[in-house]
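See structure below.
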Amino acid sequence: MRINRTNPEQPAAQPVQSHAPLKAQTEVNGFELPEQEIPKENQKEPPKAAKPPKPKKEKPAKKPRRQPVEEVEDDEENEQPRRRFPFGCLIVLVILALVGFGGYKVSQFYAELDGQKTLGPTQTITVPEGSSVAGIATQLKDAGVIEYDWLFKLYAKYSGRASGLQYGDFTLRSGMDYNTILKTLSVQQVKRKTITITFPEGYTSVAIAQKMEENGLCSVDDFLACANGEDGSDFSQYDFWNAIPDTEGRLMKCEGYLFPDTYEFFTDDSVYNYVNTFYKEFDAKTSDLWDTINEKGTTMNDVVILASFIQEEAGMPAEDAKVSACFHNRLESDDPQWAEHKLESNASSYIMNDSDNNYLWNSPTAAYYGWPEQGAIPDDVLAHYDTYRISGLPAGAITNPGIDAIAAALNPDQEYLDEGYYFFVTGNPNGDHPGEYFYAKTADEHHQNCIIAGWG
């Protein structure tokens, strides 16, 4: 019997009987197995029958190539499995593509933050007042300075620079790193109009306020109200301010502390900032004097008051310390002539002489209060400022002294202090010794000096 495995559906060929001895013969898939003789006892005598018709000779099937074949139990197991689409590979490829793209974008973000090697042309970006960080970021993106407005916004926020961005005109270039852009945007670029004013040493507070008004910065009253703290202005950040005592009869708290110098002011600034400019400079110039003040057992208030008289009576660095020695001797000497320790300075006295530089009569302060117009200096003012009446220092300073006069008040000339000089006089501007200083120990010597100086 022959089994043809090339076509399982084709019926097997019918066996052909013959009279020849039977031999077992098998052919599987075209492979012929060796014949085996069937024992005689097992051989059956074929029945005598009519000779069957000779079958048609079939064309032998083409022998296939030899290859080992495993027999299967049924036809379904013999079917070839279908090929499936490789979805796993596709997913891996997609993930790799996403990772690669993500890495590429991250590198772009870092390049944006750190800036490009090649910068674009300069351009002016105008940021309107009140612009938000988001608005500025959008403006920069539209101008081509940055590529990612959202990244700039986040960087400005988390770097802590968002609140410091200014408005105005800024010069920027594409390709700049974010730090440089933020630094540029944080500097005020609006050109505010300024004015420069010089305040000479020895100016009174009223004179300073008048000059501020003359230059259109603020009114005299607003300046003085702020400088004296009468409008609620607080300058307690300065030690000298906290040390000013509430002395009875003091005309102005600010007198003596508005440091005279040349300043540049913004024309649209606040009154507080104007006043603070003077106080800030005073604090800077006198900060290194505190140790000496404490060592000598005095106060900044007393030093400033005395310095204001030295500034008015001398006003020359070469003479400041000598005039200071004379005042110190009057206030501190044991000489019976000066037992009442009166300062006796015409710069603040009862003398109503228009030719004298008298704080209480012939000065911007006196005019501000209207005393000359009234024809007299009020008694309560004389009781606290007339240096011929009161002992010691008056209730407050009479000018705003410079640093040389302040230093001289703290450090009088030791020789003149030890020798006991009490008097001084300056040469008459129209005499033979204009501007020259003459010092004396006694009243008689002083009288002779006045004659020499052209006053006698």
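Each chain in the structure tokens gets a letter, A, B, ..., in the order shown, and its residues are numbered from 1; ligands are numbered from 1 in order too.
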Long-range neighbours of Ala209 in chain A as a ChimeraX atom specification, 8 Å cut-off, only C-alpha atoms, 4 positions minimum in chain
/A:205,213,219-221,223-224
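With distances restricted to only C-alpha atoms, A:Phe240 is the closest residue to Ile293 in chain A from A:Phe240, A:Tyr178, A:Tyr110, A:Tyr263.
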Atomic separation - CA of Asp413 in chain A relative to CA of Glu255 in chain A, Å
25.4 Å
Applying 9 Å and only C-alpha atoms, which residues near range 298-303 of chain A remain after dropping the ones on its own chain fewer than 2 positions away? List them as a ChimeraX atom specification.
/A:240,243-245,256,289-290,292-296,305-308,393,396-397,406-407,409-410
Pull N, CA and C atoms from the residues just selected and write them as a tab-separated table (two decimals), in the first residue's frame.
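In the end it all went to part.tsv:
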chain	number	residue	atom	x	y	z
A	240	PHE	N	21.77	108.91	64.68
A	240	PHE	CA	21.79	110.32	65.09
A	240	PHE	C	20.38	110.85	65.30
A	243	ALA	N	19.00	109.87	68.51
A	243	ALA	CA	19.71	110.49	69.64
A	243	ALA	C	19.36	111.96	69.84
A	244	ILE	N	18.55	112.54	68.93
A	244	ILE	CA	18.19	113.95	69.08
A	244	ILE	C	17.16	114.08	70.21
A	245	PRO	N	17.46	114.79	71.26
A	245	PRO	CA	16.52	114.90	72.38
A	245	PRO	C	15.37	115.86	72.08
A	256	GLY	N	20.97	121.46	61.73
A	256	GLY	CA	22.28	120.92	62.05
A	256	GLY	C	22.56	119.58	61.40
A	289	LEU	N	32.60	109.00	64.07
A	289	LEU	CA	32.83	109.90	65.20
A	289	LEU	C	32.21	109.39	66.50
A	290	TRP	N	31.38	108.39	66.42
A	290	TRP	CA	30.65	107.94	67.60
A	290	TRP	C	31.57	107.45	68.72
A	292	THR	N	34.62	108.39	69.45
A	292	THR	CA	35.24	109.55	70.10
A	292	THR	C	34.23	110.30	70.95
A	293	ILE	N	33.01	110.42	70.46
A	293	ILE	CA	31.95	111.09	71.22
A	293	ILE	C	31.71	110.38	72.55
A	294	ASN	N	31.64	109.05	72.48
A	294	ASN	CA	31.40	108.28	73.71
A	294	ASN	C	32.59	108.34	74.66
A	295	GLU	N	33.81	108.34	74.09
A	295	GLU	CA	35.01	108.41	74.94
A	295	GLU	C	35.09	109.74	75.69
A	296	LYS	N	34.64	110.81	75.06
A	296	LYS	CA	34.73	112.13	75.67
A	296	LYS	C	33.51	112.46	76.53
A	305	ILE	N	25.43	121.12	67.77
A	305	ILE	CA	25.06	122.49	68.14
A	305	ILE	C	26.30	123.39	68.18
A	306	LEU	N	27.35	122.90	68.83
A	306	LEU	CA	28.58	123.70	68.91
A	306	LEU	C	29.20	123.89	67.53
A	307	ALA	N	29.16	122.84	66.71
A	307	ALA	CA	29.71	122.93	65.36
A	307	ALA	C	28.98	123.98	64.53
A	308	SER	N	27.68	124.14	64.77
A	308	SER	CA	26.93	125.13	64.00
A	308	SER	C	27.42	126.55	64.31
A	393	LEU	N	24.90	125.52	76.02
A	393	LEU	CA	24.48	125.56	74.61
A	393	LEU	C	23.01	125.90	74.49
A	396	GLY	N	19.06	124.35	70.30
A	396	GLY	CA	19.32	123.65	69.05
A	396	GLY	C	20.38	124.34	68.24
A	397	ALA	N	20.76	123.69	67.15
A	397	ALA	CA	21.78	124.26	66.26
A	397	ALA	C	21.21	125.47	65.53
A	406	ILE	N	32.29	120.14	62.39
A	406	ILE	CA	31.84	119.08	63.31
A	406	ILE	C	33.05	118.42	63.98
A	407	ALA	N	34.07	118.14	63.18
A	407	ALA	CA	35.28	117.52	63.73
A	407	ALA	C	35.98	118.47	64.71
A	409	ALA	N	34.55	120.76	66.57
A	409	ALA	CA	33.78	120.83	67.80
A	409	ALA	C	34.15	119.68	68.73
A	410	LEU	N	34.45	118.54	68.16
A	410	LEU	CA	34.81	117.36	68.94
A	410	LEU	C	36.28	117.36	69.33
Enumerate the residues of range 368-435 of chain A with a DSSP assignment of helix (DSSP H, G or I), computed from the backbone, and present them as a ChimeraX atom specification.
/A:368-369,371-374,379-385,403-410,414-419
Straight-line distance linking CA of Thr262 in chain A with CA of Ile197 in chain A, stated in Å to one decimal
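CA of Ile197 in chain A lies 5.6 Å from CA of Thr262 in chain A.
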Surrounding residues of Tyr238 in chain A excluding itself and chain neighbours under 3 positions, 9 Å, only C-alpha atoms, as a PyMOL selection string
chain A and resi 235+241-243+279-280+283
Atoms kept (N, CA and C atoms) for selection, written as an mmCIF file, in the first residue's frame:
data_model
loop_
_atom_site.group_PDB
_atom_site.id
_atom_site.type_symbol
_atom_site.label_atom_id
_atom_site.label_comp_id
_atom_site.auth_asym_id
_atom_site.auth_seq_id
_atom_site.Cartn_x
_atom_site.Cartn_y
_atom_site.Cartn_z
ATOM 1 N N PHE A 235 12.706 108.606 60.296
ATOM 2 C CA PHE A 235 14.116 108.443 59.917
ATOM 3 C C PHE A 235 14.876 107.687 61.009
ATOM 4 N N TRP A 241 19.445 110.390 64.443
ATOM 5 C CA TRP A 241 18.053 110.843 64.546
ATOM 6 C C TRP A 241 17.443 110.385 65.872
ATOM 7 N N ASN A 242 17.707 109.156 66.229
ATOM 8 C CA ASN A 242 17.174 108.612 67.484
ATOM 9 C C ASN A 242 17.798 109.289 68.702
ATOM 10 N N ALA A 243 18.997 109.870 68.512
ATOM 11 C CA ALA A 243 19.705 110.489 69.640
ATOM 12 C C ALA A 243 19.361 111.964 69.836
ATOM 13 N N TYR A 279 20.103 113.436 55.078
ATOM 14 C CA TYR A 279 20.324 112.649 56.294
ATOM 15 C C TYR A 279 21.254 111.454 56.042
ATOM 16 N N LYS A 280 21.097 110.877 54.901
ATOM 17 C CA LYS A 280 21.960 109.735 54.555
ATOM 18 C C LYS A 280 23.417 110.181 54.470
ATOM 19 N N ASP A 283 24.799 110.900 58.018
ATOM 20 C CA ASP A 283 25.110 109.636 58.698
ATOM 21 C C ASP A 283 26.418 109.050 58.186
#
Within 10 Å of Lys191 in chain A, counting only C-alpha atoms, which residues qualify if same-chain residues fewer than 4 places away don't, as a list in words?
Gly168, Asp169 and Phe266 of chain A
Can I get the selection written as a compact mmCIF listing (two decimals), in the first residue's frame, with N, CA and C atoms?
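out.txt, written as the output of this step:
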# COMPACT_ATOMS: atom_id res chain seq x y z
N GLY A 168 10.72 100.59 30.39
CA GLY A 168 11.56 101.54 29.69
C GLY A 168 12.13 100.95 28.41
N ASP A 169 13.18 101.57 27.90
CA ASP A 169 13.83 101.12 26.66
C ASP A 169 15.08 100.31 27.00
N PHE A 266 16.24 113.73 41.49
CA PHE A 266 15.24 113.52 40.45
C PHE A 266 14.16 114.58 40.62
Close residues, range 313-317 of chain A itself excluded, 12 Å, only C-alpha atoms, min 6 positions apart in chain, as a ChimeraX atom specification
/A:200-203,306-307,323-327,343-348,356-359,398-409,412-413,423-427,435-438
I'd like to know which residues of range 101-276 of chain A are strand (DSSP E) (by DSSP, run on the backbone); could you write them as a list in words?
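Everything in range 101-276 of chain A that counts as strand (DSSP E) is Thr122, Gln123, Thr124, Ile125, Thr126, Val127, Gly168, Asp169, Phe170, Thr171, Leu172, Arg173, Thr194, Ile195, Thr196, Ile197, Thr198, Thr262, Tyr263, Glu264, Phe265 and Phe266 of chain A.
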Non-local contacts of Gln116 in chain A (12 Å; only C-alpha atoms; under 6 positions in same chain excluded) as an MDAnalysis selection string
chainID A and resid 108:110 145:147 173:178
Which residue out of A:Ser363, A:Asn329, A:Ser355, A:Gln139 has the minimum interatomic distance to Tyr416 in chain A when only C-alpha atoms are used?
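Under the stated criterion, the closest residue is A:Asn329.
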Which of A:Ala134, A:Tyr350, A:Ser391, A:Asn273 sits closest to Trp371 in chain A [using only C-alpha atoms]:
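Once distances to Trp371 in chain A are computed over only C-alpha atoms, the minimum belongs to A:Tyr350.
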Between CA of Glu281 in chain A and CA of Asp268 in chain A, what distance in Å does the model show, to one decimal?
20.5 Å
